[in-house]
Amino acid sequence: MSGIHKRHWPGDKDRRALALHCMMGNAAYWGPIAARLERRVDLSAFDMPGHGRSGPWTDQPGGPDFHTAVTRIAASFIDRPLDLIGHSLGATVALRIAVAAPDAVRSLTLIEPVLFAAAPDPEQAARDAALADLLAQGRAEDAARGFIDIWGAQPFDTLPRPAQQTMARQIGLVAQTEDTLTRDQAGILRDGGLESIDAPVMIIAGERSPTVIHRIADALAARLADVGRASVPDAGHMLPLTHPDQTAGLIALNLDRI
């Protein structure tokens with residue numbers, strides 16, 4: 001794994017925050033969110049391996065899986081309690097950190113967490129099986145198309161050709177996270193784990209997101225001690241990108257709860 005590209009939006013030096021992006025995204029989309037937070041937090045982010053300006057991901061024999069590697073990178077930013085914000089895959093990393101080290105988190109904002117193990121869903125299982133089948137056939141672009149048409153901000157075929165090619169290269173990472181997201185290999189849902197988080201939590205979903213997202217939010221909220229819920233009207237999975245005003249407003253609301 002090569003170097004990790006870090007991003008920083010200055011703000012209140014006494015209130016540090018870390019934002020974690022989604023699969024096939026990059027940390028740049030936190031810029032509009034940071035601007036709307038108006039320097040109330042000192043916000044850092046990074047491009048995950050194989051994303052944005054970071055180096056490629058290389059799966060090393062005996063090394064950490066992708067989700068674990070990203071979690072370790074995120075944890076390296078934490079030297080005192082901070083506000084943790086995550087979207088999609090990034091939200092599952094944020095939740096994994098909060099379960100492992102509740103004292104490290106001042107507030108936790110989970111945007112569309114894709115921890116499918118929390119709410120097993122036949123439609124999602126079918127999507128996972130279709131993705132695996134396309135990858136086994138070497139049809140990476142078709143696999144990326146199927147993924148983005150469900151989880152992206154716009155249909156795959158409307159994206160610029162370079163973006164399509166990048167996503168086709170990245171799509172294998174989606175399959176590599178299945179053990180954690182679908183089978184909870186990391187033990188995020190272990191007994192007493194979610195219950196140990198005493199920081200204020202906000203779970204945000206897009207109104208038009210797949211049903212499984214709302215079921216995951218229900219399952220997580222039922223086990224959290226201090227949790228708020230929000231659904232953004234007319235938004236889908238990529239609401240930090242498509243609805244930055246509403247997303248930043250809800251993040252700010254959670255920041256104000258501590």
# chains A, B, ... in the order shown; residues from 1 in each chain; ligands from 1
>>> residues_around(residues="Arg208 of chain A", least_positions_apart="6", cutoff="8 Å", atoms="only C-alpha atoms", output="number ranges by chain")
A: 233-237
>>> residues_around(residues="Asp79 of chain A", least_positions_apart="2", cutoff="12 Å", atoms="only C-alpha atoms", output="PyMOL selection string")
chain A and resi 16-18+74-77+81-82+101+103-105
>>> closest_residue(among="A:Ala205, A:Cys22, A:Ile33, A:Ala69", to="Gly52 of chain A", atoms="only C-alpha atoms")
A:Cys22
>>> residues_around(residues="Gly228 of chain A", least_positions_apart="6", cutoff="7 Å", atoms="only C-alpha atoms", output="PyMOL selection string")
chain A and resi 201-203
>>> closest_residue(among="A:Pro56, A:Gly192, A:Gly86, A:Pro244", to="Leu20 of chain A", atoms="only C-alpha atoms")
A:Gly86
>>> atom_distance(atom1="atom CA of Asp226 of chain A", atom2="atom CA of Gly193 of chain A")
13.9 Å
>>> residues_around(residues="segment 48-50 of chain A", least_positions_apart="2", cutoff="9 Å", atoms="only C-alpha atoms", output="PyMOL selection string")
chain A and resi 1-5+20-27+46+52-58+66+69-70+73+169-170+173
>>> select_by_dssp(residues="segment 32-248 of chain A", states="strand (DSSP E)", output="PyMOL selection string")
chain A and resi 42-46+82-87+105-111+201-206+227-232
>>> residues_around(residues="Gly172 of chain A", least_positions_apart="4", cutoff="10 Å", atoms="only C-alpha atoms", output="PyMOL selection string")
chain A and resi 131-132+135+140+143-144+167-168+176-177
>>> write_last_selection(atoms="all heavy atoms", output="mmCIF file, in the first residue's frame")
data_model
loop_
_atom_site.group_PDB
_atom_site.id
_atom_site.type_symbol
_atom_site.label_atom_id
_atom_site.label_comp_id
_atom_site.auth_asym_id
_atom_site.auth_seq_id
_atom_site.Cartn_x
_atom_site.Cartn_y
_atom_site.Cartn_z
ATOM 1 N N LEU A 131 -23.047 -9.291 -8.052
ATOM 2 C CA LEU A 131 -21.733 -8.659 -8.141
ATOM 3 C C LEU A 131 -20.626 -9.709 -8.181
ATOM 4 O O LEU A 131 -19.711 -9.652 -9.019
ATOM 5 C CB LEU A 131 -21.535 -7.725 -6.951
ATOM 6 C CG LEU A 131 -20.174 -7.032 -6.853
ATOM 7 C CD1 LEU A 131 -20.001 -6.035 -7.986
ATOM 8 C CD2 LEU A 131 -20.013 -6.334 -5.509
ATOM 9 N N ALA A 132 -20.710 -10.685 -7.291
ATOM 10 C CA ALA A 132 -19.694 -11.738 -7.240
ATOM 11 C C ALA A 132 -19.652 -12.519 -8.546
ATOM 12 O O ALA A 132 -18.570 -12.879 -9.045
ATOM 13 C CB ALA A 132 -19.970 -12.665 -6.060
ATOM 14 N N LEU A 135 -17.934 -10.430 -11.285
ATOM 15 C CA LEU A 135 -16.487 -10.373 -11.062
ATOM 16 C C LEU A 135 -15.834 -11.703 -11.414
ATOM 17 O O LEU A 135 -14.734 -11.735 -11.984
ATOM 18 C CB LEU A 135 -16.200 -9.990 -9.610
ATOM 19 C CG LEU A 135 -16.522 -8.540 -9.232
ATOM 20 C CD1 LEU A 135 -16.320 -8.322 -7.740
ATOM 21 C CD2 LEU A 135 -15.658 -7.565 -10.027
ATOM 22 N N ALA A 140 -15.761 -6.638 -14.915
ATOM 23 C CA ALA A 140 -15.634 -5.610 -13.880
ATOM 24 C C ALA A 140 -16.467 -4.376 -14.188
ATOM 25 O O ALA A 140 -17.070 -3.783 -13.287
ATOM 26 C CB ALA A 140 -14.163 -5.226 -13.696
ATOM 27 N N ALA A 143 -20.028 -5.054 -13.411
ATOM 28 C CA ALA A 143 -20.189 -5.093 -11.958
ATOM 29 C C ALA A 143 -20.235 -3.681 -11.388
ATOM 30 O O ALA A 143 -21.069 -3.365 -10.529
ATOM 31 C CB ALA A 143 -19.048 -5.885 -11.319
ATOM 32 N N ALA A 144 -19.349 -2.807 -11.879
ATOM 33 C CA ALA A 144 -19.338 -1.417 -11.414
ATOM 34 C C ALA A 144 -20.634 -0.715 -11.798
ATOM 35 O O ALA A 144 -21.189 0.070 -11.022
ATOM 36 C CB ALA A 144 -18.140 -0.687 -11.994
ATOM 37 N N MET A 167 -13.787 3.302 -11.605
ATOM 38 C CA MET A 167 -14.723 2.496 -10.818
ATOM 39 C C MET A 167 -14.620 1.020 -11.158
ATOM 40 O O MET A 167 -14.762 0.163 -10.282
ATOM 41 C CB MET A 167 -16.147 3.017 -11.021
ATOM 42 C CG MET A 167 -16.371 4.371 -10.390
ATOM 43 S SD MET A 167 -17.960 5.101 -10.809
ATOM 44 C CE MET A 167 -17.933 6.562 -9.760
ATOM 45 N N ALA A 168 -14.356 0.708 -12.416
ATOM 46 C CA ALA A 168 -14.170 -0.688 -12.796
ATOM 47 C C ALA A 168 -12.932 -1.278 -12.127
ATOM 48 O O ALA A 168 -12.913 -2.464 -11.776
ATOM 49 C CB ALA A 168 -14.071 -0.803 -14.319
ATOM 50 N N GLN A 176 -14.347 -7.353 -1.484
ATOM 51 C CA GLN A 176 -13.426 -7.641 -0.394
ATOM 52 C C GLN A 176 -13.950 -7.210 0.971
ATOM 53 O O GLN A 176 -13.451 -7.666 1.995
ATOM 54 C CB GLN A 176 -12.068 -6.976 -0.656
ATOM 55 C CG GLN A 176 -11.273 -7.623 -1.764
ATOM 56 C CD GLN A 176 -9.859 -7.073 -1.845
ATOM 57 O OE1 GLN A 176 -9.262 -6.676 -0.853
ATOM 58 N NE2 GLN A 176 -9.314 -7.039 -3.056
ATOM 59 N N THR A 177 -14.923 -6.329 0.996
ATOM 60 C CA THR A 177 -15.478 -5.881 2.278
ATOM 61 C C THR A 177 -16.657 -6.728 2.743
ATOM 62 O O THR A 177 -17.197 -6.493 3.830
ATOM 63 C CB THR A 177 -15.942 -4.415 2.191
ATOM 64 O OG1 THR A 177 -16.991 -4.298 1.218
ATOM 65 C CG2 THR A 177 -14.791 -3.491 1.815
#
>>> closest_atom_pairs(of="segment 109-157 of chain A", to="segment 180-183 of chain A", cutoff="12 Å", atoms="only C-alpha atoms", output="JSON lines")
{"residue": "A:Pro113", "atom": "CA", "partner": "A:Leu181", "partner_atom": "CA", "distance": 9.6}
{"residue": "A:Val114", "atom": "CA", "partner": "A:Leu181", "partner_atom": "CA", "distance": 6.7}
{"residue": "A:Leu115", "atom": "CA", "partner": "A:Leu181", "partner_atom": "CA", "distance": 4.8}
{"residue": "A:Phe116", "atom": "CA", "partner": "A:Thr182", "partner_atom": "CA", "distance": 4.9}
{"residue": "A:Ala117", "atom": "CA", "partner": "A:Thr182", "partner_atom": "CA", "distance": 4.5}
{"residue": "A:Ala118", "atom": "CA", "partner": "A:Thr182", "partner_atom": "CA", "distance": 8.1}
{"residue": "A:Ala119", "atom": "CA", "partner": "A:Thr182", "partner_atom": "CA", "distance": 9.1}
{"residue": "A:Pro120", "atom": "CA", "partner": "A:Thr182", "partner_atom": "CA", "distance": 7.8}
{"residue": "A:Asp121", "atom": "CA", "partner": "A:Thr182", "partner_atom": "CA", "distance": 9.9}
{"residue": "A:Pro122", "atom": "CA", "partner": "A:Thr182", "partner_atom": "CA", "distance": 11.8}
{"residue": "A:Gln124", "atom": "CA", "partner": "A:Thr182", "partner_atom": "CA", "distance": 9.5}
{"residue": "A:Ala125", "atom": "CA", "partner": "A:Thr182", "partner_atom": "CA", "distance": 8.8}
{"residue": "A:Arg127", "atom": "CA", "partner": "A:Thr182", "partner_atom": "CA", "distance": 11.9}
{"residue": "A:Asp128", "atom": "CA", "partner": "A:Thr182", "partner_atom": "CA", "distance": 9.3}
{"residue": "A:Ala129", "atom": "CA", "partner": "A:Thr182", "partner_atom": "CA", "distance": 11.8}
>>> closest_residue(among="A:Arg223, A:Gln60, A:Arg257, A:Lys6", to="Asp191 of chain A", atoms="only C-alpha atoms")
A:Arg223
>>> select_by_dssp(residues="segment 134-164 of chain A", states="alpha helix (DSSP H)", output="PyMOL selection string")
chain A and resi 134-136+140-151+161-164
>>> write_last_selection(atoms="N, CA, C and O atoms", output="PDB file, in the first residue's frame")
ATOM      1  N   LEU A 134     -20.517 -11.471 -11.611  1.00  0.00           N
ATOM      2  CA  LEU A 134     -19.922 -10.654 -12.672  1.00  0.00           C
ATOM      3  C   LEU A 134     -18.407 -10.570 -12.512  1.00  0.00           C
ATOM      4  O   LEU A 134     -17.663 -10.644 -13.505  1.00  0.00           O
ATOM      5  N   LEU A 135     -17.934 -10.430 -11.285  1.00  0.00           N
ATOM      6  CA  LEU A 135     -16.487 -10.373 -11.062  1.00  0.00           C
ATOM      7  C   LEU A 135     -15.834 -11.703 -11.414  1.00  0.00           C
ATOM      8  O   LEU A 135     -14.734 -11.735 -11.984  1.00  0.00           O
ATOM      9  N   ALA A 136     -16.497 -12.806 -11.077  1.00  0.00           N
ATOM     10  CA  ALA A 136     -15.956 -14.127 -11.416  1.00  0.00           C
ATOM     11  C   ALA A 136     -15.846 -14.315 -12.929  1.00  0.00           C
ATOM     12  O   ALA A 136     -14.964 -15.041 -13.410  1.00  0.00           O
ATOM     13  N   ALA A 140     -15.761  -6.638 -14.915  1.00  0.00           N
ATOM     14  CA  ALA A 140     -15.634  -5.610 -13.880  1.00  0.00           C
ATOM     15  C   ALA A 140     -16.467  -4.376 -14.188  1.00  0.00           C
ATOM     16  O   ALA A 140     -17.070  -3.783 -13.287  1.00  0.00           O
ATOM     17  N   GLU A 141     -16.521  -3.978 -15.457  1.00  0.00           N
ATOM     18  CA  GLU A 141     -17.288  -2.776 -15.785  1.00  0.00           C
ATOM     19  C   GLU A 141     -18.778  -3.001 -15.566  1.00  0.00           C
ATOM     20  O   GLU A 141     -19.478  -2.117 -15.060  1.00  0.00           O
ATOM     21  N   ASP A 142     -19.285  -4.165 -15.930  1.00  0.00           N
ATOM     22  CA  ASP A 142     -20.693  -4.460 -15.682  1.00  0.00           C
ATOM     23  C   ASP A 142     -20.981  -4.519 -14.176  1.00  0.00           C
ATOM     24  O   ASP A 142     -22.043  -4.079 -13.712  1.00  0.00           O
ATOM     25  N   ALA A 143     -20.028  -5.054 -13.411  1.00  0.00           N
ATOM     26  CA  ALA A 143     -20.189  -5.093 -11.958  1.00  0.00           C
ATOM     27  C   ALA A 143     -20.235  -3.681 -11.388  1.00  0.00           C
ATOM     28  O   ALA A 143     -21.069  -3.365 -10.529  1.00  0.00           O
ATOM     29  N   ALA A 144     -19.349  -2.807 -11.879  1.00  0.00           N
ATOM     30  CA  ALA A 144     -19.338  -1.417 -11.414  1.00  0.00           C
ATOM     31  C   ALA A 144     -20.634  -0.715 -11.798  1.00  0.00           C
ATOM     32  O   ALA A 144     -21.189   0.070 -11.022  1.00  0.00           O
ATOM     33  N   ARG A 145     -21.134  -0.995 -13.002  1.00  0.00           N
ATOM     34  CA  ARG A 145     -22.394  -0.387 -13.446  1.00  0.00           C
ATOM     35  C   ARG A 145     -23.538  -0.776 -12.508  1.00  0.00           C
ATOM     36  O   ARG A 145     -24.316   0.077 -12.068  1.00  0.00           O
ATOM     37  N   GLY A 146     -23.637  -2.059 -12.179  1.00  0.00           N
ATOM     38  CA  GLY A 146     -24.703  -2.506 -11.288  1.00  0.00           C
ATOM     39  C   GLY A 146     -24.605  -1.875  -9.918  1.00  0.00           C
ATOM     40  O   GLY A 146     -25.623  -1.523  -9.304  1.00  0.00           O
ATOM     41  N   PHE A 147     -23.388  -1.715  -9.444  1.00  0.00           N
ATOM     42  CA  PHE A 147     -23.181  -1.124  -8.116  1.00  0.00           C
ATOM     43  C   PHE A 147     -23.535   0.361  -8.112  1.00  0.00           C
ATOM     44  O   PHE A 147     -24.289   0.839  -7.257  1.00  0.00           O
ATOM     45  N   ILE A 148     -22.996   1.090  -9.067  1.00  0.00           N
ATOM     46  CA  ILE A 148     -23.203   2.538  -9.099  1.00  0.00           C
ATOM     47  C   ILE A 148     -24.662   2.889  -9.387  1.00  0.00           C
ATOM     48  O   ILE A 148     -25.196   3.875  -8.848  1.00  0.00           O
ATOM     49  N   ASP A 149     -25.337   2.099 -10.199  1.00  0.00           N
ATOM     50  CA  ASP A 149     -26.734   2.405 -10.504  1.00  0.00           C
ATOM     51  C   ASP A 149     -27.625   2.287  -9.267  1.00  0.00           C
ATOM     52  O   ASP A 149     -28.723   2.876  -9.238  1.00  0.00           O
ATOM     53  N   ILE A 150     -27.179   1.545  -8.260  1.00  0.00           N
ATOM     54  CA  ILE A 150     -27.910   1.469  -6.989  1.00  0.00           C
ATOM     55  C   ILE A 150     -27.403   2.502  -5.996  1.00  0.00           C
ATOM     56  O   ILE A 150     -28.184   3.215  -5.354  1.00  0.00           O
ATOM     57  N   TRP A 151     -26.088   2.615  -5.866  1.00  0.00           N
ATOM     58  CA  TRP A 151     -25.485   3.369  -4.764  1.00  0.00           C
ATOM     59  C   TRP A 151     -24.858   4.692  -5.178  1.00  0.00           C
ATOM     60  O   TRP A 151     -24.424   5.459  -4.315  1.00  0.00           O
ATOM     61  N   ARG A 161     -15.964   8.828 -19.141  1.00  0.00           N
ATOM     62  CA  ARG A 161     -15.294   7.550 -19.341  1.00  0.00           C
ATOM     63  C   ARG A 161     -14.149   7.308 -18.353  1.00  0.00           C
ATOM     64  O   ARG A 161     -14.022   6.191 -17.828  1.00  0.00           O
ATOM     65  N   PRO A 162     -13.322   8.304 -18.024  1.00  0.00           N
ATOM     66  CA  PRO A 162     -12.262   8.050 -17.037  1.00  0.00           C
ATOM     67  C   PRO A 162     -12.811   7.631 -15.677  1.00  0.00           C
ATOM     68  O   PRO A 162     -12.221   6.775 -14.997  1.00  0.00           O
ATOM     69  N   ALA A 163     -13.943   8.222 -15.272  1.00  0.00           N
ATOM     70  CA  ALA A 163     -14.552   7.836 -13.996  1.00  0.00           C
ATOM     71  C   ALA A 163     -15.051   6.399 -14.051  1.00  0.00           C
ATOM     72  O   ALA A 163     -14.901   5.632 -13.087  1.00  0.00           O
ATOM     73  N   GLN A 164     -15.647   5.997 -15.177  1.00  0.00           N
ATOM     74  CA  GLN A 164     -16.097   4.617 -15.330  1.00  0.00           C
ATOM     75  C   GLN A 164     -14.930   3.640 -15.213  1.00  0.00           C
ATOM     76  O   GLN A 164     -15.034   2.585 -14.567  1.00  0.00           O
TER      77      GLN A 164
END
>>> closest_residue(among="A:Ala126, A:Ala199, A:Ala217, A:Ala34", to="Ala252 of chain A", atoms="only C-alpha atoms")
A:Ala34
>>> closest_residue(among="A:Glu123, A:Leu250, A:Met238, A:Ala94", to="Leu194 of chain A", atoms="only C-alpha atoms")
A:Ala94
>>> atom_distance(atom1="atom CA of Arg229 of chain A", atom2="atom CA of Arg39 of chain A")
24.2 Å
>>> atom_distance(atom1="atom CA of Pro10 of chain A", atom2="atom CA of Leu37 of chain A")
10.9 Å
